[in-house]
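Below is the file data.txt, which contains compact mmCIF, C-alpha atoms and all ligand atoms.
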# COMPACT_ATOMS: atom_id res chain seq x y z
CA MET A 169 -26.34 18.79 -1.32
CA SER A 170 -25.27 21.05 -4.21
CA THR A 171 -26.43 20.25 -7.73
CA HIS A 172 -25.13 20.52 -11.28
CA VAL A 173 -27.02 22.81 -13.68
CA ASP A 174 -29.09 19.81 -14.83
CA GLY A 175 -30.19 19.22 -11.23
CA SER A 176 -28.07 16.05 -10.67
CA PRO A 177 -26.31 15.88 -7.30
CA CYS A 178 -22.79 17.32 -7.23
CA ARG A 179 -21.05 15.57 -4.38
CA LEU A 180 -17.67 17.19 -5.10
CA ALA A 181 -19.09 20.59 -4.19
CA ASP A 182 -19.79 19.30 -0.70
CA LEU A 183 -16.12 18.61 -0.08
CA THR A 184 -14.35 21.15 2.08
CA PRO A 185 -10.65 21.24 2.98
CA ASP A 186 -11.60 19.79 6.37
CA SER A 187 -13.59 16.92 4.87
CA LEU A 188 -10.54 15.99 2.75
CA ARG A 189 -8.17 15.60 5.69
CA ASN A 190 -6.76 12.08 5.93
CA THR A 191 -7.90 11.52 9.50
CA VAL A 192 -7.53 8.06 11.01
CA VAL A 193 -11.03 6.89 12.04
CA ARG A 194 -10.24 3.30 13.08
CA LYS A 195 -7.11 1.51 14.19
CA GLU A 196 -6.84 -2.20 14.98
CA LYS A 197 -4.00 -4.58 15.68
CA LEU A 198 -4.92 -7.64 13.57
CA SER A 199 -2.00 -9.80 14.65
CA PRO A 200 1.21 -9.27 16.60
CA VAL A 201 2.75 -7.70 13.49
CA LEU A 202 -0.16 -6.35 11.42
CA THR A 203 -1.96 -3.02 11.81
CA LEU A 204 -5.21 -1.85 10.18
CA LEU A 205 -5.95 1.82 9.62
CA GLU A 206 -9.27 3.11 8.29
CA ILE A 207 -8.67 6.65 7.03
CA ASN A 208 -10.87 9.45 5.76
CA ALA A 209 -10.11 9.78 2.02
CA PRO A 210 -13.41 10.48 0.20
CA LEU A 211 -12.00 11.11 -3.28
CA ILE A 212 -9.96 7.88 -3.25
CA ALA A 213 -12.85 5.87 -1.78
CA ARG A 214 -15.11 7.06 -4.59
CA SER A 215 -13.02 5.68 -7.45
CA ALA A 216 -10.99 2.81 -5.89
CA ARG A 217 -11.11 -0.66 -7.42
CA ALA A 218 -9.65 -4.01 -6.39
CA GLY A 219 -5.90 -4.23 -6.93
CA GLN A 220 -5.15 -0.49 -6.79
CA PHE A 221 -2.77 1.14 -4.34
CA VAL A 222 -2.11 4.44 -2.60
CA MET A 223 1.15 6.25 -1.79
CA VAL A 224 1.22 7.23 1.86
CA TRP A 225 3.52 9.89 3.30
CA SER A 226 3.77 10.13 7.08
CA GLY A 227 5.73 13.38 7.40
CA GLU A 228 8.63 15.59 6.41
CA HIS A 229 11.41 13.07 7.05
CA SER A 230 9.49 9.98 5.89
CA GLU A 231 9.61 8.10 2.63
CA ARG A 232 6.45 7.61 0.59
CA ILE A 233 5.25 4.03 0.85
CA PRO A 234 2.96 2.16 -1.55
CA LEU A 235 0.13 0.20 0.06
CA THR A 236 -2.51 -1.68 -1.87
CA LEU A 237 -6.02 -0.98 -0.65
CA SER A 238 -7.62 -3.57 1.55
CA ASP A 239 -11.06 -1.97 1.55
CA TRP A 240 -12.90 1.28 0.86
CA ASN A 241 -16.35 2.70 1.51
CA ALA A 242 -17.56 5.39 -0.88
CA ASP A 243 -20.54 6.27 1.36
CA LYS A 244 -18.41 6.79 4.46
CA GLY A 245 -15.57 8.28 2.39
CA THR A 246 -12.95 6.01 3.94
CA ILE A 247 -10.21 3.66 2.77
CA THR A 248 -8.63 0.80 4.73
CA ILE A 249 -4.99 -0.24 4.63
CA ILE A 250 -3.40 -3.18 6.43
CA PHE A 251 0.36 -3.24 6.79
CA GLN A 252 3.22 -4.94 8.50
CA GLU A 253 5.54 -2.68 10.47
CA VAL A 254 8.71 -3.91 8.81
CA GLY A 255 10.55 -0.78 7.70
CA ARG A 256 10.91 2.79 8.89
CA GLY A 257 7.99 4.02 6.72
CA THR A 258 5.49 1.45 8.01
CA MET A 259 6.74 1.87 11.58
CA GLU A 260 6.08 5.62 11.35
CA LEU A 261 2.65 4.97 9.87
CA GLY A 262 1.86 2.60 12.72
CA ARG A 263 2.34 5.48 15.19
CA PHE A 264 -0.76 7.35 13.95
CA ASP A 265 -3.76 7.10 16.25
CA ILE A 266 -7.48 7.65 15.80
CA GLY A 267 -8.17 11.37 15.26
CA GLN A 268 -4.71 12.15 13.87
CA ASP A 269 -4.20 13.27 10.25
CA ILE A 270 -1.81 11.52 7.89
CA PRO A 271 -0.08 14.31 5.93
CA SER A 272 -0.53 12.90 2.44
CA ILE A 273 -2.21 9.97 0.69
CA SER A 274 -2.40 9.91 -3.11
CA GLY A 275 -4.34 7.46 -5.23
CA PRO A 276 -5.91 5.29 -6.29
CA LEU A 277 -2.89 4.34 -8.40
CA GLY A 278 -2.12 1.47 -10.77
CA HIS A 279 -4.44 -0.61 -12.90
CA PRO A 280 -7.26 -2.45 -11.15
CA THR A 281 -7.16 -6.25 -11.23
CA GLU A 282 -8.81 -7.53 -14.43
CA ILE A 283 -12.09 -8.89 -13.19
CA GLU A 284 -14.39 -10.97 -15.38
CA ASN A 285 -16.33 -14.21 -15.19
CA TYR A 286 -13.50 -16.70 -15.75
CA GLY A 287 -15.35 -19.67 -14.23
CA THR A 288 -13.43 -20.93 -11.23
CA ALA A 289 -11.06 -18.41 -9.64
CA VAL A 290 -8.58 -19.31 -6.92
CA VAL A 291 -7.53 -16.26 -4.90
CA ILE A 292 -4.49 -16.76 -2.67
CA GLY A 293 -3.45 -14.50 0.19
CA GLY A 294 -0.08 -15.18 1.78
CA GLY A 295 0.45 -13.51 5.16
CA VAL A 296 -0.28 -9.80 4.96
CA GLY A 297 -1.09 -10.28 1.25
CA THR A 298 -4.47 -11.62 2.41
CA ALA A 299 -5.49 -8.01 3.07
CA ILE A 300 -5.20 -7.26 -0.63
CA ALA A 301 -6.60 -10.60 -1.75
CA ARG A 302 -9.94 -9.91 0.00
CA PRO A 303 -11.24 -7.20 -2.39
CA VAL A 304 -10.03 -9.25 -5.37
CA ALA A 305 -11.96 -12.31 -4.10
CA LEU A 306 -15.04 -10.14 -3.59
CA ALA A 307 -14.82 -8.62 -7.08
CA MET A 308 -14.35 -12.12 -8.59
CA LYS A 309 -17.40 -13.34 -6.68
CA ASN A 310 -19.49 -10.36 -7.78
CA ALA A 311 -18.49 -11.09 -11.40
CA GLY A 312 -20.06 -14.57 -11.10
CA ASN A 313 -16.99 -16.74 -10.52
CA HIS A 314 -16.88 -19.83 -8.33
CA VAL A 315 -14.34 -18.44 -5.86
CA ILE A 316 -11.89 -20.61 -3.94
CA THR A 317 -9.73 -18.81 -1.39
CA ILE A 318 -6.48 -20.01 0.14
CA ILE A 319 -5.03 -18.18 3.13
CA GLY A 320 -1.50 -19.09 4.16
CA ALA A 321 0.56 -17.95 7.13
CA ARG A 322 3.56 -19.10 9.11
CA GLU A 323 1.44 -19.83 12.17
CA LYS A 324 -2.07 -19.37 13.55
CA SER A 325 -1.65 -15.87 15.06
CA LEU A 326 -0.66 -14.51 11.63
CA ILE A 327 -3.89 -15.62 9.89
CA ILE A 328 -5.99 -12.54 9.11
CA LEU A 329 -9.45 -11.90 7.64
CA GLU A 330 -10.44 -15.56 7.88
CA ASP A 331 -14.16 -14.82 8.46
CA GLU A 332 -14.25 -12.00 5.90
CA MET A 333 -12.73 -14.26 3.23
CA ARG A 334 -15.00 -17.16 4.15
CA ALA A 335 -18.05 -14.93 3.74
CA ILE A 336 -17.03 -14.33 0.12
CA ALA A 337 -15.66 -17.73 -0.87
CA ASP A 338 -17.50 -20.78 -2.16
CA GLU A 339 -14.66 -22.86 -0.72
CA GLN A 340 -11.86 -21.81 1.61
CA PHE A 341 -8.57 -23.48 2.55
CA ILE A 342 -6.16 -22.43 5.27
CA THR A 343 -2.53 -23.48 5.58
CA THR A 344 0.08 -22.77 8.22
CA ASP A 345 3.76 -23.60 7.80
CA ASP A 346 3.92 -25.10 11.30
CA GLY A 347 0.50 -26.81 11.26
CA SER A 348 -0.81 -24.73 14.20
CA TYR A 349 -4.04 -24.06 12.26
CA GLY A 350 -5.65 -25.52 9.14
CA ARG A 351 -3.51 -27.75 6.97
CA LYS A 352 0.22 -28.01 7.70
CA GLY A 353 2.12 -26.79 4.65
CA LEU A 354 2.32 -23.98 2.12
CA VAL A 355 -0.40 -22.39 0.01
CA THR A 356 1.07 -24.19 -3.00
CA ASP A 357 0.27 -27.59 -1.38
CA ALA A 358 -3.42 -26.66 -1.16
CA LEU A 359 -3.36 -25.15 -4.65
CA LYS A 360 -1.94 -28.30 -6.23
CA ASP A 361 -4.63 -30.45 -4.62
CA ILE A 362 -7.37 -28.09 -5.84
CA MET A 363 -6.02 -28.13 -9.41
CA ASP A 364 -5.75 -31.95 -9.32
CA ALA A 365 -9.39 -32.19 -8.22
CA GLN A 366 -11.08 -29.63 -10.45
CA LYS A 367 -10.68 -27.30 -13.42
CA VAL A 368 -9.34 -23.91 -12.36
CA ASN A 369 -9.56 -21.02 -14.84
CA ILE A 370 -7.53 -18.34 -13.07
CA VAL A 371 -5.29 -18.00 -10.03
CA VAL A 372 -4.59 -14.64 -8.40
CA ALA A 373 -1.78 -14.74 -5.83
CA ILE A 374 -0.79 -11.92 -3.49
CA GLY A 375 1.89 -12.34 -0.86
CA PRO A 376 5.64 -12.54 -0.39
CA LEU A 377 7.80 -12.82 -3.49
CA PRO A 378 8.84 -16.48 -2.94
CA MET A 379 5.17 -17.45 -2.56
CA MET A 380 4.12 -15.74 -5.78
CA ARG A 381 7.08 -17.23 -7.61
CA PHE A 382 6.25 -20.76 -6.44
CA VAL A 383 2.54 -20.30 -7.18
CA ALA A 384 3.62 -19.49 -10.75
CA LYS A 385 5.77 -22.65 -10.85
CA THR A 386 2.87 -24.71 -9.50
CA THR A 387 0.28 -23.50 -12.02
CA GLU A 388 2.57 -23.55 -15.06
CA PRO A 389 2.30 -27.29 -15.80
CA TYR A 390 -1.48 -27.01 -15.50
CA GLY A 391 -1.60 -24.12 -18.01
CA VAL A 392 -3.66 -21.97 -15.64
CA LYS A 393 -3.58 -18.19 -16.14
CA THR A 394 -1.87 -16.76 -13.05
CA ILE A 395 -1.82 -13.14 -11.92
CA VAL A 396 0.42 -11.73 -9.20
CA SER A 397 0.45 -8.30 -7.54
CA LEU A 398 4.08 -7.19 -7.44
CA ASP A 399 5.53 -4.96 -4.71
CA PRO A 400 8.99 -3.80 -5.82
CA ILE A 401 10.66 -0.70 -4.40
CA MET A 402 8.58 2.36 -5.32
CA ILE A 403 9.59 5.98 -4.91
CA ASP A 404 7.21 8.34 -6.75
CA GLY A 405 4.50 5.87 -7.81
CA THR A 406 3.85 7.79 -11.03
CA GLY A 407 6.18 6.19 -13.59
CA MET A 408 8.97 8.79 -13.39
CA CYS A 409 11.75 7.43 -11.15
CA GLY A 410 12.18 3.92 -12.55
CA GLY A 411 12.51 2.43 -9.06
CA CYS A 412 9.74 -0.10 -9.62
CA ARG A 413 11.15 -1.42 -12.90
CA VAL A 414 10.43 -5.09 -13.57
CA THR A 415 10.91 -7.28 -16.61
CA VAL A 416 7.79 -9.10 -17.75
CA GLY A 417 7.79 -11.20 -20.92
CA GLY A 418 11.20 -9.71 -21.80
CA LYS A 419 9.83 -6.16 -21.71
CA THR A 420 10.62 -3.41 -19.21
CA MET A 421 7.58 -2.44 -17.19
CA PHE A 422 7.01 0.01 -14.37
CA THR A 423 4.94 -1.63 -11.68
CA CYS A 424 3.29 1.61 -10.53
CA VAL A 425 1.81 2.51 -13.90
CA ASP A 426 1.83 -0.78 -15.88
CA GLY A 427 0.87 -2.98 -12.87
CA PRO A 428 0.88 -3.84 -10.07
CA ASP A 429 -0.74 -6.98 -11.54
CA PHE A 430 1.27 -9.03 -14.03
CA ASP A 431 1.23 -12.45 -15.67
CA ALA A 432 3.16 -14.56 -13.14
CA HIS A 433 4.56 -16.86 -15.83
CA GLN A 434 6.24 -13.91 -17.59
CA VAL A 435 7.88 -12.20 -14.58
CA ASP A 436 11.69 -12.20 -14.31
CA TRP A 437 11.71 -13.32 -10.67
CA ASP A 438 15.51 -13.36 -10.24
CA GLU A 439 15.80 -9.73 -11.32
CA LEU A 440 12.90 -8.69 -9.07
CA LYS A 441 14.46 -10.46 -6.09
CA SER A 442 17.83 -8.76 -6.55
CA ARG A 443 16.27 -5.30 -7.12
CA LYS A 444 14.13 -5.66 -3.98
CA ALA A 445 17.28 -6.34 -1.93
CA PHE A 446 19.10 -3.30 -3.37
CA TYR A 447 18.53 -0.94 -0.41
CA PHE A 448 18.61 -3.61 2.29
CA ASP A 449 21.47 -1.97 4.25
CA GLU A 450 19.94 1.53 4.02
CA GLU A 451 16.52 0.19 5.08
CA LYS A 452 18.07 -1.59 8.05
CA ALA A 453 19.89 1.58 9.12
CA ALA A 454 16.71 3.71 8.78
CA ARG A 455 14.74 1.18 10.83
CA GLU A 456 17.39 1.12 13.52
CA SER A 457 17.56 4.93 13.69
CA LEU A 458 13.80 5.03 14.31
CA THR A 459 13.77 2.29 16.96
CA ALA A 460 16.74 3.98 18.62
CA GLY A 461 14.55 7.09 19.00
CA GLY A 462 15.92 9.13 16.07
CA ALA A 463 13.34 11.38 14.51
CA LYS A 464 15.12 12.13 11.23
P1 LIG B 501 5.15 -15.20 5.04
O1 LIG B 501 6.56 -15.12 4.71
O2 LIG B 501 4.75 -15.52 6.43
O3 LIG B 501 4.43 -16.19 4.01
C1 LIG B 501 3.01 -16.31 3.97
C2 LIG B 501 2.68 -17.60 3.31
O4 LIG B 501 3.13 -17.58 1.95
C3 LIG B 501 3.34 -18.82 3.92
O5 LIG B 501 2.65 -19.26 5.05
C4 LIG B 501 3.27 -19.82 2.77
O6 LIG B 501 2.02 -20.46 2.71
C5 LIG B 501 3.42 -18.90 1.56
N1 LIG B 501 4.80 -19.01 1.10
C6 LIG B 501 5.89 -18.33 1.52
N2 LIG B 501 6.98 -18.74 0.87
C7 LIG B 501 6.58 -19.70 0.02
C8 LIG B 501 7.24 -20.54 -0.94
N3 LIG B 501 8.55 -20.44 -1.14
N4 LIG B 501 6.49 -21.40 -1.64
C9 LIG B 501 5.16 -21.50 -1.45
N5 LIG B 501 4.48 -20.75 -0.57
C10 LIG B 501 5.19 -19.88 0.15
O7 LIG B 501 4.39 -13.85 4.66
P2 LIG B 501 4.51 -12.43 5.33
O8 LIG B 501 5.60 -12.37 6.35
O9 LIG B 501 3.18 -11.94 5.71
O10 LIG B 501 4.98 -11.64 4.05
C11 LIG B 501 5.55 -10.46 4.12
C12 LIG B 501 6.03 -10.15 2.71
O11 LIG B 501 4.92 -10.01 1.83
C13 LIG B 501 6.80 -8.88 2.65
O12 LIG B 501 8.07 -9.20 2.19
C14 LIG B 501 6.07 -8.03 1.66
O13 LIG B 501 6.98 -7.47 0.76
C15 LIG B 501 5.17 -8.99 0.96
N6 LIG B 501 3.90 -8.36 0.56
C16 LIG B 501 3.57 -8.42 -0.73
C17 LIG B 501 2.43 -7.79 -1.15
C18 LIG B 501 2.09 -7.77 -2.58
O14 LIG B 501 1.43 -6.88 -3.04
N7 LIG B 501 2.53 -8.77 -3.32
C19 LIG B 501 1.59 -7.15 -0.26
C20 LIG B 501 1.95 -7.15 1.08
C21 LIG B 501 3.12 -7.76 1.48
FE1 LIG B 502 8.84 5.44 -9.73
FE2 LIG B 502 7.25 3.44 -10.41
S1 LIG B 502 7.72 4.11 -8.44
S2 LIG B 502 8.50 4.62 -11.72
Output the file's structure in the form of structure tokens.
Amino acid sequence: MSTHVDGSPCRLADLTPDSLRNTVVRKEKLSPVLTLLEINAPLIARSARAGQFVMVWSGEHSERIPLTLSDWNADKGTITIIFQEVGRGTMELGRFDIGQDIPSISGPLGHPTEIENYGTAVVIGGGVGTAIARPVALAMKNAGNHVITIIGAREKSLIILEDEMRAIADEQFITTDDGSYGRKGLVTDALKDIMDAQKVNIVVAIGPLPMMRFVAKTTEPYGVKTIVSLDPIMIDGTGMCGGCRVTVGGKTMFTCVDGPDFDAHQVDWDELKSRKAFYFDEEKAARESLTAGGAK
């Protein structure tokens, strides 16, 4: 290993263009609709923190897509992303196999989740949001919190990271909409029961927009600080395009540089919902062109 002039190890000097290639080193199908990729990205792995995201670009005719990190390993120099193949960008990403290089990944971006010893922290992962909730739960645990996790999914096959979350949590609750596993109902049903039974100091919720919105509604009467990780449309991820604009507490914020975490009780949910639907027709057409075999 190279050293600085004072003799301390200089790990950057060991990086070569080859060692910086974003090569896929692991690929797993976690559920019928969710894919995990572990990717070589030593510089990102070194500085990543819970709640941060990367912008991934799959090739010349692809859009850049924001994905919040699910895991990272500074020693191995890898990051892990888990995503649902819902749009053209994620479908293209899902085509990469072990040994192939992803053309560009930039990050870590955004502010990390504010981690401190709050007391009792409830961390909620809804569907694929559970992938992002895991590092937040771990960081909360490492900060000394009593951590309660809630994982919610539509049905049993869509539950992910159950064992990994249980290994972190002091208490864990699972809900499915159809009752095929755990408690029948929504994450908000479990959350309400927890808050009725004990004092909760913070709730962090990551999942689909309606879930985060209703988590905010559920905690409001209890006066519990509630943080959500927003995922509006992003284009550049660096605060320049305005695509990720949200209104929080009456102020304009850019999710990529001011978030992605925000106070759930201050978010203008109606505006976010309508902005997220803005490119629905274009997204549908892009998805259809890819599934129809179009390359551009
Ligand atoms: P889903 O629709 O299956 O919902 C997962 C769980 O969330 C449900 O089982 C339920 O418990 C809860 N939920 C949903 N609607 C609710 C409501 N109205 N009230 C209370 N609880 C509710 O989840 P999915 O299909 O995995 O979600 C995909 C969506 O998640 C995508 O639209 C994507 O944009 C979003 N997402 C968000 C983030 C983020 O950073 N916030 C990250 C990844 C994905
Ligand atoms: Fe362009 Fe945030 S994605 S300003």
With only C-alpha atoms and all ligand atoms as the atoms that count, which of A:Thr203, A:Thr415, A:Thr246, A:Asn190 lies nearest to ligand LIG 501 (chain B)?
A:Thr203
Show me which residues are within 12 Å of ligand LIG 502 (chain B) counting all atoms listed in the file, and format the list as a PDB file with C-alpha atoms, in the frame of the given file.
ATOM      1  CA  PHE A 221      -2.770   1.140  -4.340  1.00  0.00           C
ATOM      2  CA  VAL A 222      -2.110   4.440  -2.600  1.00  0.00           C
ATOM      3  CA  MET A 223       1.150   6.250  -1.790  1.00  0.00           C
ATOM      4  CA  GLU A 231       9.610   8.100   2.630  1.00  0.00           C
ATOM      5  CA  ARG A 232       6.450   7.610   0.590  1.00  0.00           C
ATOM      6  CA  ILE A 233       5.250   4.030   0.850  1.00  0.00           C
ATOM      7  CA  PRO A 234       2.960   2.160  -1.550  1.00  0.00           C
ATOM      8  CA  LEU A 277      -2.890   4.340  -8.400  1.00  0.00           C
ATOM      9  CA  GLY A 278      -2.120   1.470 -10.770  1.00  0.00           C
ATOM     10  CA  LEU A 398       4.080  -7.190  -7.440  1.00  0.00           C
ATOM     11  CA  ASP A 399       5.530  -4.960  -4.710  1.00  0.00           C
ATOM     12  CA  PRO A 400       8.990  -3.800  -5.820  1.00  0.00           C
ATOM     13  CA  ILE A 401      10.660  -0.700  -4.400  1.00  0.00           C
ATOM     14  CA  MET A 402       8.580   2.360  -5.320  1.00  0.00           C
ATOM     15  CA  ILE A 403       9.590   5.980  -4.910  1.00  0.00           C
ATOM     16  CA  ASP A 404       7.210   8.340  -6.750  1.00  0.00           C
ATOM     17  CA  GLY A 405       4.500   5.870  -7.810  1.00  0.00           C
ATOM     18  CA  THR A 406       3.850   7.790 -11.030  1.00  0.00           C
ATOM     19  CA  GLY A 407       6.180   6.190 -13.590  1.00  0.00           C
ATOM     20  CA  MET A 408       8.970   8.790 -13.390  1.00  0.00           C
ATOM     21  CA  CYS A 409      11.750   7.430 -11.150  1.00  0.00           C
ATOM     22  CA  GLY A 410      12.180   3.920 -12.550  1.00  0.00           C
ATOM     23  CA  GLY A 411      12.510   2.430  -9.060  1.00  0.00           C
ATOM     24  CA  CYS A 412       9.740  -0.100  -9.620  1.00  0.00           C
ATOM     25  CA  ARG A 413      11.150  -1.420 -12.900  1.00  0.00           C
ATOM     26  CA  VAL A 414      10.430  -5.090 -13.570  1.00  0.00           C
ATOM     27  CA  THR A 420      10.620  -3.410 -19.210  1.00  0.00           C
ATOM     28  CA  MET A 421       7.580  -2.440 -17.190  1.00  0.00           C
ATOM     29  CA  PHE A 422       7.010   0.010 -14.370  1.00  0.00           C
ATOM     30  CA  THR A 423       4.940  -1.630 -11.680  1.00  0.00           C
ATOM     31  CA  CYS A 424       3.290   1.610 -10.530  1.00  0.00           C
ATOM     32  CA  VAL A 425       1.810   2.510 -13.900  1.00  0.00           C
ATOM     33  CA  ASP A 426       1.830  -0.780 -15.880  1.00  0.00           C
ATOM     34  CA  GLY A 427       0.870  -2.980 -12.870  1.00  0.00           C
ATOM     35  CA  PRO A 428       0.880  -3.840 -10.070  1.00  0.00           C
TER      36      PRO A 428
END
Quick one: pull the distance between atom CA of A:Phe341 and atom CA of A:Thr317, Å, one decimal.
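Separation between atom CA of A:Phe341 and atom CA of A:Thr317: 6.2 Å.
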For the contact check between chain A and ligand LIG 501 (chain B), emit one row per residue of chain A within 7 Å, containing the shortest atom pair and the distance in Å rounded to one decimal, counting all atoms listed in the file, chain then rising number order, as CSV.
residue,atom,partner,partner_atom,distance
A:Thr236,CA,B:LIG501,O14,6.6
A:Gly294,CA,B:LIG501,C1,4.0
A:Gly295,CA,B:LIG501,O9,3.2
A:Val296,CA,B:LIG501,O9,4.1
A:Gly297,CA,B:LIG501,C20,4.4
A:Ile300,CA,B:LIG501,C19,6.8
A:Gly320,CA,B:LIG501,O6,4.0
A:Ala321,CA,B:LIG501,O5,3.2
A:Arg322,CA,B:LIG501,O5,4.2
A:Thr343,CA,B:LIG501,O6,6.2
A:Thr344,CA,B:LIG501,O5,5.4
A:Asp345,CA,B:LIG501,O5,5.3
A:Gly353,CA,B:LIG501,O6,6.6
A:Leu354,CA,B:LIG501,O6,3.6
A:Val355,CA,B:LIG501,O6,4.1
A:Thr356,CA,B:LIG501,C9,5.1
A:Ile374,CA,B:LIG501,N7,4.6
A:Gly375,CA,B:LIG501,C16,4.3
A:Pro376,CA,B:LIG501,O11,3.4
A:Leu377,CA,B:LIG501,C15,6.4
A:Pro378,CA,B:LIG501,N3,4.4
A:Met379,CA,B:LIG501,C10,3.6
A:Phe382,CA,B:LIG501,N4,4.8
A:Val383,CA,B:LIG501,C9,6.4
A:Val396,CA,B:LIG501,N7,6.9
A:Ser397,CA,B:LIG501,N7,4.7
A:Leu398,CA,B:LIG501,N7,4.7
A:Asp399,CA,B:LIG501,O14,4.8
Work out how far apart atom CA of A:Asp265 and atom CA of A:Val201 are and give it in Å to one decimal.
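Atom-to-atom, atom CA of A:Asp265 to atom CA of A:Val201, that is 16.4 Å.
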Write out as a Markdown table the residues of stretch 300-415 of chain A that have any atom within 8 Å of an atom of stretch 208-218 of chain A, one row each with the nearest atom pair and its distance in Å to one decimal, counting all atoms listed in the file, sorted by chain and then rising number.
| residue | atom | partner | partner_atom | distance |
| --- | --- | --- | --- | --- |
| A:Ile300 | CA | A:Ala218 | CA | 8.0 |
| A:Pro303 | CA | A:Ala218 | CA | 5.4 |
| A:Val304 | CA | A:Ala218 | CA | 5.4 |
| A:Ala307 | CA | A:Ala218 | CA | 7.0 |
One decimal, Å: what's the distance from atom CA of A:Tyr286 over to atom CA of A:Thr386, could you say?
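Separating atom CA of A:Tyr286 from atom CA of A:Thr386 is a distance of 19.3 Å.
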Distance criterion (all atoms listed in the file): nearest to A:Ala299 out of A:Gly227, A:Ser187, A:Asn369, A:Leu198:
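For A:Ala299, the nearest of the candidates is A:Leu198.
For the residues A:Met333, A:Ala445, A:Val315, A:Leu204, ranking by smallest atom-to-atom distance to A:Glu253 using all atoms listed in the file places A:Leu204 first.
When the distance limit is 8 Å and only C-alpha atoms are what count, the residues near A:Thr248, minus those fewer than 2 positions from it on the same chain, are Leu204, Leu205, Glu206, Ile207, Leu237, Ser238, Asp239, Trp240, Thr246 and Ile250 of chain A.
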Give the padded box for stretch 296-302 of chain A as AutoDock Vina command-line options: axis-aligned, covering all atoms listed in the file, 8 Å on each side, centre and edge lengths in Å to one decimal.
--center_x -5.1 --center_y -9.4 --center_z 1.6 --size_x 25.7 --size_y 20.4 --size_z 22.7
For A:Ile342, the nearest of the candidates A:Asn285, A:Gln220, A:Thr298, A:Thr184, counting all atoms listed in the file:
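Looking only at the distances to A:Ile342, the closest residue turns out to be A:Thr298.
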